[in-house]
Structures are given as C-alpha cells and as structure tokens.
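Next up, work_29.cif (mmCIF, C-alpha atoms):
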data_start
#
loop_
_atom_site.group_PDB
_atom_site.id
_atom_site.type_symbol
_atom_site.label_atom_id
_atom_site.label_comp_id
_atom_site.auth_asym_id
_atom_site.auth_seq_id
_atom_site.Cartn_x
_atom_site.Cartn_y
_atom_site.Cartn_z
ATOM 1 C CA MET A 1 10.179 -0.479 28.571
ATOM 2 C CA GLY A 2 10.336 -0.167 24.792
ATOM 3 C CA ARG A 3 13.131 0.540 22.366
ATOM 4 C CA ILE A 4 13.205 1.244 18.628
ATOM 5 C CA VAL A 5 16.010 0.886 16.087
ATOM 6 C CA ILE A 6 16.079 3.600 13.407
ATOM 7 C CA ASP A 7 18.019 3.109 10.176
ATOM 8 C CA LYS A 8 18.986 6.718 9.506
ATOM 9 C CA GLU A 9 20.106 6.010 5.949
ATOM 10 C CA GLU A 10 16.690 4.576 5.018
ATOM 11 C CA CYS A 11 14.754 7.534 6.448
ATOM 12 C CA LYS A 12 13.613 10.035 3.806
ATOM 13 C CA GLY A 13 12.295 12.585 6.290
ATOM 14 C CA CYS A 14 8.528 12.392 5.753
ATOM 15 C CA TYR A 15 7.938 12.735 9.538
ATOM 16 C CA ILE A 16 4.741 10.666 9.505
ATOM 17 C CA CYS A 17 6.155 8.779 12.500
ATOM 18 C CA VAL A 18 6.569 12.051 14.429
ATOM 19 C CA ASN A 19 2.776 12.442 14.248
ATOM 20 C CA ALA A 20 2.105 8.753 14.854
ATOM 21 C CA CYS A 21 4.053 8.455 18.132
ATOM 22 C CA PRO A 22 1.506 8.753 20.974
ATOM 23 C CA LYS A 23 4.239 9.908 23.360
ATOM 24 C CA GLY A 24 5.857 12.447 21.018
ATOM 25 C CA LEU A 25 9.302 10.886 21.354
ATOM 26 C CA LEU A 26 10.479 11.319 17.763
ATOM 27 C CA LYS A 27 11.742 14.487 16.139
ATOM 28 C CA LYS A 28 13.611 15.747 13.113
ATOM 29 C CA SER A 29 17.364 15.374 13.445
ATOM 30 C CA GLU A 30 19.775 18.314 13.198
ATOM 31 C CA THR A 31 22.218 16.428 10.994
ATOM 32 C CA ARG A 32 21.772 15.078 7.472
ATOM 33 C CA ASN A 33 22.178 11.466 6.400
ATOM 34 C CA GLU A 34 24.110 10.258 3.326
ATOM 35 C CA HIS A 35 21.220 11.113 0.988
ATOM 36 C CA GLY A 36 20.936 14.667 2.287
ATOM 37 C CA ASP A 37 17.710 14.162 4.246
ATOM 38 C CA TYR A 38 17.200 15.085 7.869
ATOM 39 C CA PRO A 39 16.225 11.737 9.425
ATOM 40 C CA VAL A 40 14.129 11.332 12.553
ATOM 41 C CA GLU A 41 15.750 10.615 15.863
ATOM 42 C CA PHE A 42 14.563 9.288 19.196
ATOM 43 C CA VAL A 43 14.591 12.031 21.817
ATOM 44 C CA GLY A 44 12.809 10.418 24.768
ATOM 45 C CA ASP A 45 14.419 9.289 28.010
ATOM 46 C CA GLU A 46 15.283 5.665 28.540
ATOM 47 C CA GLY A 47 12.103 3.846 29.477
ATOM 48 C CA SER A 48 9.749 6.438 27.979
ATOM 49 C CA CYS A 49 9.051 4.432 24.786
ATOM 50 C CA ILE A 50 6.097 2.073 25.250
ATOM 51 C CA GLY A 51 7.012 -0.166 22.304
ATOM 52 C CA CYS A 52 3.629 0.191 20.573
ATOM 53 C CA ALA A 53 5.290 0.037 17.120
ATOM 54 C CA MET A 54 2.908 2.665 15.722
ATOM 55 C CA CYS A 55 5.899 4.571 14.311
ATOM 56 C CA ALA A 56 7.191 1.440 12.595
ATOM 57 C CA GLN A 57 3.778 0.572 11.171
ATOM 58 C CA SER A 58 3.272 4.024 9.695
ATOM 59 C CA CYS A 59 6.825 4.343 8.288
ATOM 60 C CA PRO A 60 6.617 4.055 4.476
ATOM 61 C CA ASP A 61 10.302 3.150 4.150
ATOM 62 C CA VAL A 62 10.736 0.512 6.893
ATOM 63 C CA ALA A 63 13.364 2.837 8.366
ATOM 64 C CA ILE A 64 12.228 1.870 11.879
ATOM 65 C CA LYS A 65 13.323 -1.697 11.420
ATOM 66 C CA GLU A 66 13.022 -3.169 14.900
ATOM 67 C CA VAL A 67 10.822 -2.484 17.922
ATOM 68 C CA TYR A 68 11.382 -4.086 21.304
ATOM 69 C CA ARG A 69 9.070 -4.045 24.286
ATOM 70 C CA MET B 1 13.820 -8.844 29.289
ATOM 71 C CA GLU B 2 13.172 -7.307 25.885
ATOM 72 C CA THR B 3 10.961 -9.027 23.352
ATOM 73 C CA LEU B 4 11.009 -8.224 19.651
ATOM 74 C CA VAL B 5 7.502 -6.995 18.730
ATOM 75 C CA TYR B 6 8.238 -5.748 15.215
ATOM 76 C CA LYS B 7 10.944 -6.367 12.651
ATOM 77 C CA ARG B 8 11.533 -5.898 8.929
ATOM 78 C CA PRO B 9 9.631 -8.735 7.201
ATOM 79 C CA GLU B 10 11.650 -11.583 5.694
ATOM 80 C CA SER B 11 9.805 -11.351 2.373
ATOM 81 C CA LEU B 12 11.376 -7.943 1.733
ATOM 82 C CA LEU B 13 14.912 -8.058 0.332
ATOM 83 C CA LYS B 14 17.492 -7.279 3.015
ATOM 84 C CA ASP B 15 19.325 -4.677 0.929
ATOM 85 C CA GLY B 16 16.311 -3.526 -1.093
ATOM 86 C CA HIS B 17 15.270 -0.078 -0.022
ATOM 87 C CA PHE B 18 12.162 1.631 -1.339
ATOM 88 C CA THR B 19 12.751 4.096 -4.153
ATOM 89 C CA PHE B 20 9.496 6.025 -3.658
ATOM 90 C CA CYS B 21 9.099 9.703 -2.802
ATOM 91 C CA PRO B 22 9.042 10.632 0.911
ATOM 92 C CA GLY B 23 5.614 9.915 2.410
ATOM 93 C CA CYS B 24 4.411 7.709 -0.462
ATOM 94 C CA GLY B 25 1.853 5.099 0.590
ATOM 95 C CA HIS B 26 3.343 2.282 -1.493
ATOM 96 C CA GLY B 27 5.957 1.402 1.125
ATOM 97 C CA VAL B 28 3.397 0.755 3.853
ATOM 98 C CA VAL B 29 1.309 -1.531 1.635
ATOM 99 C CA LEU B 30 4.349 -3.452 0.336
ATOM 100 C CA ARG B 31 5.514 -3.977 3.911
ATOM 101 C CA MET B 32 2.058 -5.255 4.957
ATOM 102 C CA ILE B 33 1.992 -7.681 2.007
ATOM 103 C CA ALA B 34 5.462 -8.962 2.970
ATOM 104 C CA GLU B 35 4.357 -9.365 6.593
ATOM 105 C CA LEU B 36 1.270 -11.351 5.561
ATOM 106 C CA ILE B 37 3.310 -13.616 3.275
ATOM 107 C CA ASP B 38 5.619 -14.230 6.242
ATOM 108 C CA GLU B 39 2.606 -14.923 8.493
ATOM 109 C CA PHE B 40 1.059 -17.414 6.058
ATOM 110 C CA ASN B 41 4.552 -18.881 5.433
ATOM 111 C CA ILE B 42 3.985 -18.975 1.644
ATOM 112 C CA GLN B 43 7.155 -17.209 0.566
ATOM 113 C CA LYS B 44 8.223 -20.098 -1.685
ATOM 114 C CA ASP B 45 4.725 -20.531 -3.154
ATOM 115 C CA THR B 46 3.989 -16.920 -4.045
ATOM 116 C CA ILE B 47 4.153 -15.319 -7.482
ATOM 117 C CA ALA B 48 3.703 -11.563 -7.559
ATOM 118 C CA ILE B 49 2.597 -9.833 -10.757
ATOM 119 C CA SER B 50 3.847 -6.278 -11.072
ATOM 120 C CA SER B 51 2.180 -3.628 -13.192
ATOM 121 C CA VAL B 52 3.196 -0.350 -14.805
ATOM 122 C CA GLY B 53 3.525 2.804 -12.753
ATOM 123 C CA CYS B 54 5.100 3.392 -9.371
ATOM 124 C CA SER B 55 3.971 -0.158 -8.556
ATOM 125 C CA ILE B 56 6.382 -1.646 -11.120
ATOM 126 C CA PHE B 57 9.556 -2.372 -9.142
ATOM 127 C CA LEU B 58 8.371 -5.336 -7.073
ATOM 128 C CA GLU B 59 11.481 -7.388 -7.852
ATOM 129 C CA LYS B 60 13.633 -4.648 -6.322
ATOM 130 C CA PHE B 61 11.822 -4.948 -2.988
ATOM 131 C CA PHE B 62 10.354 -8.443 -2.605
ATOM 132 C CA ASN B 63 12.264 -11.632 -1.940
ATOM 133 C CA LEU B 64 9.639 -13.410 -4.105
ATOM 134 C CA ASP B 65 9.116 -14.564 -7.686
ATOM 135 C CA VAL B 66 7.826 -11.642 -9.725
ATOM 136 C CA ALA B 67 6.420 -11.511 -13.256
ATOM 137 C CA GLY B 68 5.916 -8.261 -15.121
ATOM 138 C CA ALA B 69 2.866 -7.341 -17.168
ATOM 139 C CA SER B 70 2.102 -4.635 -19.683
ATOM 140 C CA HIS B 71 0.049 -1.635 -18.624
ATOM 141 C CA GLY B 72 -3.231 -2.722 -17.053
ATOM 142 C CA ARG B 73 -2.853 -6.384 -17.995
ATOM 143 C CA SER B 74 -1.610 -7.754 -14.668
ATOM 144 C CA PRO B 75 -4.884 -9.635 -13.907
ATOM 145 C CA CYS B 76 -4.595 -11.439 -17.278
ATOM 146 C CA VAL B 77 -0.994 -12.473 -16.622
ATOM 147 C CA ALA B 78 -2.032 -13.514 -13.116
ATOM 148 C CA THR B 79 -4.900 -15.562 -14.589
ATOM 149 C CA GLY B 80 -2.445 -17.443 -16.798
ATOM 150 C CA VAL B 81 -0.004 -18.012 -13.969
ATOM 151 C CA LYS B 82 -2.726 -19.212 -11.600
ATOM 152 C CA ARG B 83 -4.292 -21.564 -14.163
ATOM 153 C CA CYS B 84 -0.877 -23.085 -14.970
ATOM 154 C CA LYS B 85 0.125 -23.342 -11.329
ATOM 155 C CA PRO B 86 -3.090 -23.573 -9.274
ATOM 156 C CA ASP B 87 -1.190 -24.490 -6.106
ATOM 157 C CA LYS B 88 0.685 -21.161 -6.086
ATOM 158 C CA PHE B 89 -0.481 -17.980 -4.406
ATOM 159 C CA VAL B 90 -0.752 -15.257 -7.067
ATOM 160 C CA PHE B 91 -1.373 -11.593 -6.432
ATOM 161 C CA THR B 92 -1.230 -8.482 -8.596
ATOM 162 C CA TYR B 93 -0.017 -5.155 -7.295
ATOM 163 C CA GLN B 94 -1.395 -2.241 -9.286
ATOM 164 C CA GLY B 95 -2.058 1.455 -9.090
ATOM 165 C CA ASP B 96 -5.292 3.229 -9.918
ATOM 166 C CA GLY B 97 -3.932 4.334 -13.283
ATOM 167 C CA ASP B 98 -3.220 0.700 -14.065
ATOM 168 C CA ALA B 99 -6.129 -1.213 -12.489
ATOM 169 C CA ALA B 100 -8.921 1.381 -12.704
ATOM 170 C CA THR B 101 -8.068 3.392 -15.805
ATOM 171 C CA ILE B 102 -6.034 1.643 -18.496
ATOM 172 C CA GLY B 103 -6.751 -1.895 -17.331
ATOM 173 C CA PHE B 104 -10.221 -1.618 -15.819
ATOM 174 C CA ASN B 105 -11.646 -3.920 -18.477
ATOM 175 C CA GLU B 106 -9.164 -6.598 -17.422
ATOM 176 C CA THR B 107 -9.908 -6.033 -13.742
ATOM 177 C CA ILE B 108 -13.668 -6.289 -14.176
ATOM 178 C CA HIS B 109 -13.510 -9.396 -16.391
ATOM 179 C CA THR B 110 -11.095 -11.119 -14.030
ATOM 180 C CA ALA B 111 -13.560 -10.411 -11.218
ATOM 181 C CA SER B 112 -16.468 -11.665 -13.336
ATOM 182 C CA ARG B 113 -14.657 -14.903 -14.145
ATOM 183 C CA GLY B 114 -13.956 -15.357 -10.457
ATOM 184 C CA GLU B 115 -10.282 -16.086 -10.925
ATOM 185 C CA HIS B 116 -8.607 -17.260 -7.737
ATOM 186 C CA ILE B 117 -6.175 -14.365 -7.540
ATOM 187 C CA THR B 118 -5.829 -11.286 -5.357
ATOM 188 C CA THR B 119 -5.538 -7.729 -6.637
ATOM 189 C CA ILE B 120 -4.188 -4.928 -4.489
ATOM 190 C CA MET B 121 -4.954 -1.553 -6.031
ATOM 191 C CA ILE B 122 -3.235 1.542 -4.667
ATOM 192 C CA ASN B 123 -5.487 4.527 -5.312
ATOM 193 C CA ASN B 124 -3.696 7.881 -5.195
ATOM 194 C CA THR B 125 -6.138 9.534 -7.645
ATOM 195 C CA ASN B 126 -3.527 10.243 -10.344
ATOM 196 C CA PHE B 127 -0.834 8.697 -12.547
ATOM 197 C CA GLY B 128 2.033 9.206 -10.103
ATOM 198 C CA MET B 129 5.072 7.980 -12.010
ATOM 199 C CA THR B 130 4.509 9.974 -15.203
ATOM 200 C CA GLY B 131 4.038 13.286 -13.435
ATOM 201 C CA GLY B 132 0.564 13.376 -11.929
ATOM 202 C CA GLN B 133 -1.856 13.153 -14.856
ATOM 203 C CA ALA B 134 -5.557 12.674 -14.129
ATOM 204 C CA SER B 135 -6.790 9.093 -13.826
ATOM 205 C CA ALA B 136 -10.343 7.731 -13.731
ATOM 206 C CA THR B 137 -10.432 8.039 -9.945
ATOM 207 C CA THR B 138 -9.378 11.717 -9.884
ATOM 208 C CA LEU B 139 -11.790 13.768 -7.787
ATOM 209 C CA VAL B 140 -14.032 16.448 -9.249
ATOM 210 C CA GLY B 141 -12.120 19.727 -9.052
ATOM 211 C CA GLN B 142 -8.740 18.089 -8.441
ATOM 212 C CA VAL B 143 -5.861 19.881 -10.151
ATOM 213 C CA THR B 144 -3.540 17.577 -12.083
ATOM 214 C CA THR B 145 -1.179 18.188 -14.995
ATOM 215 C CA THR B 146 -3.913 17.199 -17.482
ATOM 216 C CA THR B 147 -6.700 19.008 -15.600
ATOM 217 C CA PRO B 148 -4.923 22.290 -14.740
ATOM 218 C CA MET B 149 -8.227 24.035 -13.944
ATOM 219 C CA GLY B 150 -9.490 21.111 -11.872
ATOM 220 C CA ARG B 151 -11.405 18.071 -13.130
ATOM 221 C CA LYS B 152 -14.655 19.217 -14.730
ATOM 222 C CA PRO B 153 -17.416 16.574 -14.921
ATOM 223 C CA GLU B 154 -18.895 18.027 -18.124
ATOM 224 C CA LEU B 155 -15.528 17.529 -19.850
ATOM 225 C CA THR B 156 -13.861 14.521 -18.210
ATOM 226 C CA GLY B 157 -16.676 12.878 -16.255
ATOM 227 C CA TYR B 158 -16.962 11.775 -12.658
ATOM 228 C CA PRO B 159 -14.559 9.711 -10.519
ATOM 229 C CA LEU B 160 -14.784 5.956 -10.963
ATOM 230 C CA HIS B 161 -15.447 3.897 -7.832
ATOM 231 C CA ALA B 162 -13.476 0.760 -8.555
ATOM 232 C CA ALA B 163 -14.179 -1.211 -5.370
ATOM 233 C CA GLU B 164 -17.958 -0.680 -5.617
ATOM 234 C CA ILE B 165 -18.018 -1.835 -9.251
ATOM 235 C CA VAL B 166 -15.819 -4.893 -8.615
ATOM 236 C CA SER B 167 -18.016 -5.831 -5.630
ATOM 237 C CA LYS B 168 -21.018 -6.214 -8.002
ATOM 238 C CA CYS B 169 -19.253 -8.965 -9.974
ATOM 239 C CA ASP B 170 -20.448 -12.478 -9.149
ATOM 240 C CA GLY B 171 -16.935 -13.940 -9.089
ATOM 241 C CA THR B 172 -15.684 -11.547 -6.415
ATOM 242 C CA ALA B 173 -15.272 -13.198 -3.029
ATOM 243 C CA TYR B 174 -13.928 -10.240 -1.076
ATOM 244 C CA CYS B 175 -13.839 -6.570 -1.948
ATOM 245 C CA ALA B 176 -12.940 -3.671 0.322
ATOM 246 C CA ARG B 177 -11.615 -0.148 0.311
ATOM 247 C CA VAL B 178 -9.180 0.808 3.065
ATOM 248 C CA ALA B 179 -6.914 3.733 3.891
ATOM 249 C CA ILE B 180 -3.477 3.943 5.480
ATOM 250 C CA THR B 181 -3.760 7.329 7.159
ATOM 251 C CA THR B 182 -3.334 6.405 10.827
ATOM 252 C CA PRO B 183 -1.884 3.396 12.679
ATOM 253 C CA ALA B 184 -5.470 2.233 13.394
ATOM 254 C CA GLN B 185 -6.400 2.429 9.705
ATOM 255 C CA ILE B 186 -3.163 0.645 8.791
ATOM 256 C CA ARG B 187 -4.164 -2.251 11.053
ATOM 257 C CA LYS B 188 -7.631 -2.376 9.462
ATOM 258 C CA ALA B 189 -5.991 -2.308 6.027
ATOM 259 C CA LYS B 190 -3.791 -5.240 6.991
ATOM 260 C CA ALA B 191 -6.853 -7.179 8.181
ATOM 261 C CA ALA B 192 -8.556 -6.520 4.829
ATOM 262 C CA LEU B 193 -5.468 -7.652 2.912
ATOM 263 C CA LYS B 194 -5.346 -10.779 5.071
ATOM 264 C CA LYS B 195 -8.961 -11.553 4.205
ATOM 265 C CA ALA B 196 -8.307 -11.028 0.498
ATOM 266 C CA PHE B 197 -5.355 -13.421 0.742
ATOM 267 C CA GLU B 198 -7.444 -15.979 2.637
ATOM 268 C CA VAL B 199 -10.232 -16.115 0.046
ATOM 269 C CA GLN B 200 -7.651 -17.070 -2.560
ATOM 270 C CA LEU B 201 -5.877 -19.554 -0.289
ATOM 271 C CA ASN B 202 -9.266 -21.181 0.462
ATOM 272 C CA GLY B 203 -10.204 -21.203 -3.238
ATOM 273 C CA LEU B 204 -13.306 -19.026 -2.861
ATOM 274 C CA GLY B 205 -12.755 -16.509 -5.641
ATOM 275 C CA TYR B 206 -11.367 -13.121 -6.530
ATOM 276 C CA GLY B 207 -10.043 -10.845 -3.802
ATOM 277 C CA PHE B 208 -9.824 -7.099 -4.385
ATOM 278 C CA VAL B 209 -8.540 -4.467 -1.976
ATOM 279 C CA GLU B 210 -8.378 -0.797 -2.892
ATOM 280 C CA VAL B 211 -6.000 1.194 -0.692
ATOM 281 C CA LEU B 212 -6.273 4.992 -0.526
ATOM 282 C CA ALA B 213 -2.657 6.131 -0.437
ATOM 283 C CA ALA B 214 -0.917 9.464 -0.439
ATOM 284 C CA CYS B 215 1.013 10.951 -3.366
ATOM 285 C CA PRO B 216 2.596 14.016 -1.696
ATOM 286 C CA THR B 217 4.765 14.917 -4.697
ATOM 287 C CA ASN B 218 1.952 15.201 -7.225
ATOM 288 C CA TRP B 219 -0.565 16.607 -4.746
ATOM 289 C CA HIS B 220 2.011 19.298 -3.855
ATOM 290 C CA MET B 221 1.512 18.707 -0.126
ATOM 291 C CA THR B 222 3.682 17.618 2.774
ATOM 292 C CA PRO B 223 3.388 13.911 3.664
ATOM 293 C CA VAL B 224 1.426 14.693 6.845
ATOM 294 C CA ASP B 225 -0.904 17.124 5.030
ATOM 295 C CA SER B 226 -1.574 14.571 2.313
ATOM 296 C CA LEU B 227 -2.695 12.036 4.944
ATOM 297 C CA ASN B 228 -5.097 14.666 6.310
ATOM 298 C CA HIS B 229 -6.268 15.309 2.736
ATOM 299 C CA ILE B 230 -7.173 11.618 2.373
ATOM 300 C CA GLU B 231 -9.149 11.684 5.632
ATOM 301 C CA ASN B 232 -10.951 14.955 5.013
ATOM 302 C CA VAL B 233 -11.490 15.004 1.252
ATOM 303 C CA ILE B 234 -10.834 11.727 -0.561
ATOM 304 C CA GLU B 235 -12.667 9.481 1.918
ATOM 305 C CA LYS B 236 -15.820 11.558 1.315
ATOM 306 C CA VAL B 237 -15.721 10.644 -2.402
ATOM 307 C CA HIS B 238 -14.253 7.145 -2.090
ATOM 308 C CA PRO B 239 -15.819 5.884 1.182
ATOM 309 C CA LEU B 240 -14.060 3.165 3.143
ATOM 310 C CA GLY B 241 -15.678 -0.161 3.839
ATOM 311 C CA VAL B 242 -16.109 -3.811 2.994
ATOM 312 C CA PHE B 243 -18.381 -4.017 -0.044
ATOM 313 C CA LYS B 244 -18.496 -7.774 -0.447
ATOM 314 C CA ASP B 245 -17.468 -10.687 1.728
ATOM 315 C CA ILE B 246 -18.902 -14.079 0.822
ATOM 316 C CA THR B 247 -17.459 -15.664 3.955
ATOM 317 C CA GLY B 248 -19.966 -13.593 5.920
ATOM 318 C CA GLU B 249 -17.545 -12.559 8.654
ATOM 319 C CA GLN B 250 -17.281 -8.793 8.685
#

Could I get this file's structure written as structure tokens?
Amino acid sequence: MGRIVIDKEECKGCYICVNACPKGLLKKSETRNEHGDYPVEFVGDEGSCIGCAMCAQSCPDVAIKEVYR
Amino acid sequence: METLVYKRPESLLKDGHFTFCPGCGHGVVLRMIAELIDEFNIQKDTIAISSVGCSIFLEKFFNLDVAGASHGRSPCVATGVKRCKPDKFVFTYQGDGDAATIGFNETIHTASRGEHITTIMINNTNFGMTGGQASATTLVGQVTTTTPMGRKPELTGYPLHAAEIVSKCDGTAYCARVAITTPAQIRKAKAALKKAFEVQLNGLGYGFVEVLAACPTNWHMTPVDSLNHIENVIEKVHPLGVFKDITGEQ
C-alpha cells in the first residue's frame, strides 16, 4: 500500500495534515525537532496508508516530501 | 512495486525551506505554482515578480528568476518584463495588502490593458508581515491592530472584492477566487491557477487568481481553526467561484 516520507525538521507543527488524513494515521510526536516544534509522525500499521497524498497537498511547508503508492 | 505519486517540486529550491508562520497558506500556493511550472516545463522561461509583504521572499524558495518590485507595483514591473521579453512566462505573486490595497490601481489598470501576465493574490484579509493591520479586504467587524474594536463601515468602509472588480475589466481573460481549506479545495485552486497560467501561455490576456489563505498568527487562531474560519466566515463575504473565463470552459 502507501508510504509517506516526513521531513521532521521542516515540520512546524500546524497539524493541518492530521485533519486532512482520511485514515487518521498522523499524530503529534512526543519529541521535539531541532527548531523546538513537535512534528507529526506516522502512527499507522504497515499497509494502512492508502497513498492519497492529501496530507502532502495540505502541508504548507512541504514537510511531507514524498508519497508512494 | 511502489510508485512515486507525489514529490517536492523541482522548481522549489532543494535547501530552501519556507520561513512562514505555522499554518500559513503561502506555502501551499507556492508549492502549487512550482508544481505547475514543472508540469508546463517552463522553469527556464519563467520570471517571477515578488511584491512586498509576506509574499516577498520568492528568491529564497523558487529555483526561478525573480525580480522585486516596490509595494503594490508588481504588475507594472511584470508589464515591463513581459513587453521586453514576450516569450517569457511572467507572473506576480502578491498579497491582499499589496494587490488590493496599496497597489489596486496598478492591478486594475494592468487588467484593463489586458497585459499577458498572471497575478496570484493571496487574500488573508490583513497586512500579515507588519503585524496584522487592516487591509481593504478586511471583513466588517474583524479585529485587527488598526481596527481594535472591529472594522466599522461608517469609519473605514466595506471590504473590497478584488476578483469581482478585476473580472469586469475587458482585458481580463481569466479571473477566479479559490480557497485552500481542504484537499478538495486545494485541487480546485490548482486547476484555477493552471487555467490562469494557460491564458497567458496562449496569449489570451490577463489572468487573476485570488486565493483565500489563513493567517493564524494575526487572526489569533490555531491553524486548523483558521481554516474553519475561512470556510464559515470569510467565504460568506468573499464567495468562491470563477468570475470570468473567456475560453468558455468552466
């Protein structure tokens, strides 16, 4: 199924992608990145992502830089 | 077998990361512009004209030729660039404080002359970079740093509807207002931007796209709440739609 690549250093923690994901597979991380933000992380099982790229399209910082299906 | 369905567009600099506030709409629009330039394969034939405001730092993000303009005068600089180099693709990237407030005269005359350029106007209903002052598009009752009690029509007038006014100009070939609140709206916005690019590439006239974008910092909202605010409040005042399309395909 799908797979996304998140650049944790680019993520500013707006969490628009958390709302955009139709499967609810993204959530706020517990650890900070270099800039002090809590980036998003992928929490779904392998194969649960459908590769729709809605998270990447709604990300204002191109932090989700690649989507595979 | 995995296939790549989305990647960072080539027209964005590899090490250029956006310097906007979290949840700002500028990043989405800049990415869509870069994707379209990649799709049309006009990276070497594009000249972007930056403006003043949060929309100023195009050269930090785009792997394109960029010229700067003084506040509100991007369409004039773009006119000069396009008339000197008619084979180049020229677009201006402006905010509502730039295109609809300080430089609205330039915008409207560029549309009336029917210059073969494209203007992308990000409307976040305030002057974002300078601290959230009221602009012409500020809603009635909206609290900004210069309207602390809310915008009062008897004192500061009513919001200006830039896309509707530009659509009445004879030189305008395509004029639309879009939002970037949901993935579906983002796709519609990209289609509108594509159309505005195409009318210039086909030499039909002026293309104008107004994008309703969030400014969470100056609205004092979370990024997700500010997207809901656009859907529930701003779209009622600045309705979405295609106001002019001389190609007739809507």

Q: Tell me, as a list in words, which residues lie within 10 Å of region 183-187 of chain B, counting all atoms listed in the file; anything in the same chain fewer than 3 positions away does not count.
A: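 Returned residues: Cys17, Ala20, Cys21, Ala53, Met54, Cys55, Ala56, Gln57, Ser58 and Cys59 of chain A; Val28, Val29, Met32, Val178, Ala179, Ile180, Lys190, Ala191, Ala192, Leu193 and Val211 of chain B.
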
Q | Output of the PyMOL selection byres ((chain B) within 10 of (chain A)), listed as a PyMOL selection string | A | chain B and resi 1-9+12+17-32+180-187+216+222-225+227

Q: Please provide the set of residues having any atom within 9 Å of region 116-121 of chain B, restricted to all atoms listed in the file, with same-chain residues fewer than 3 positions apart removed, written as a ChimeraX atom specification.
A: /B:29,74-75,78-79,82-83,86,89-96,98-100,107,110,193,196-197,199-201,203-212

Q) Hey, what's within 7 Å of Val40 (chain A) if we count all atoms listed in the file and toss same-chain stuff fewer than 6 positions away? As JSON, numbers by chain, please? A) {"A": [13, 26, 27, 28, 29]}

What would the file look like if the residues just selected were written as a PDB file, keeping the file's coordinate frame with C-alpha atoms?
ATOM      1  CA  GLY A  13      12.295  12.585   6.290  1.00  0.00           C
ATOM      2  CA  LEU A  26      10.479  11.319  17.763  1.00  0.00           C
ATOM      3  CA  LYS A  27      11.742  14.487  16.139  1.00  0.00           C
ATOM      4  CA  LYS A  28      13.611  15.747  13.113  1.00  0.00           C
ATOM      5  CA  SER A  29      17.364  15.374  13.445  1.00  0.00           C
TER       6      SER A  29
END

Q | Which of B:Ala67, B:Ile165, B:Ile49, B:Ile234 sits closest to Leu139 (chain B) [using all atoms listed in the file] | A | B:Ile234

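Rounded to one decimal, CA of Ile230 (chain B) and CA of Phe243 (chain B) lie 19.4 Å from each other.
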
Q) Rounded to one decimal in Å, what is the spacing between CA of Cys215 (chain B) and CA of Glu59 (chain B)? A) 21.6 Å

Q) Between CA of Pro22 (chain A) and CA of Ala176 (chain B), what is the distance, to one decimal in Å? A)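 Spanning CA of Pro22 (chain A) to CA of Ala176 (chain B) is a straight-line distance of 28.1 Å.
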
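Of the residues listed (B:Lys188, B:Ile108, B:Glu198, B:Ala214), B:Glu198 shows the shortest atom-to-atom separation from Glu39 (chain B); distances use only C-alpha atoms.
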
Q: Find the residues around His161 (chain B) up to 10 Å (all atoms listed in the file counted), leave out those fewer than 2 positions away in its own chain, and share them as a PyMOL selection string.
A: chain B and resi 100+136-137+158-159+163-166+177+210+237-239

Q | Answer key for the PyMOL selection byres ((chain B and resi 66) around 8), residues as a ChimeraX atom specification | A | /B:47-50,58-59,64-65,67-68

Could the residues in this selection be saved with C-alpha atoms as a CSV table (one decimal), in the coordinates of the input?
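Written file, result-v4.csv:
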chain,number,residue,atom,x,y,z
B,47,ILE,CA,4.2,-15.3,-7.5
B,48,ALA,CA,3.7,-11.6,-7.6
B,49,ILE,CA,2.6,-9.8,-10.8
B,50,SER,CA,3.8,-6.3,-11.1
B,58,LEU,CA,8.4,-5.3,-7.1
B,59,GLU,CA,11.5,-7.4,-7.9
B,64,LEU,CA,9.6,-13.4,-4.1
B,65,ASP,CA,9.1,-14.6,-7.7
B,67,ALA,CA,6.4,-11.5,-13.3
B,68,GLY,CA,5.9,-8.3,-15.1

Q.
List as a list in words the protein and nucleic acid residues near Thr144 (chain B), meaning an atom at most 6 Å away when all atoms listed in the file are counted, but skip any in the same chain fewer than 2 places from it.
A.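 Selected residues are Gly132, Gln133, Ala134, Thr146, Thr147 and Pro148 of chain B.
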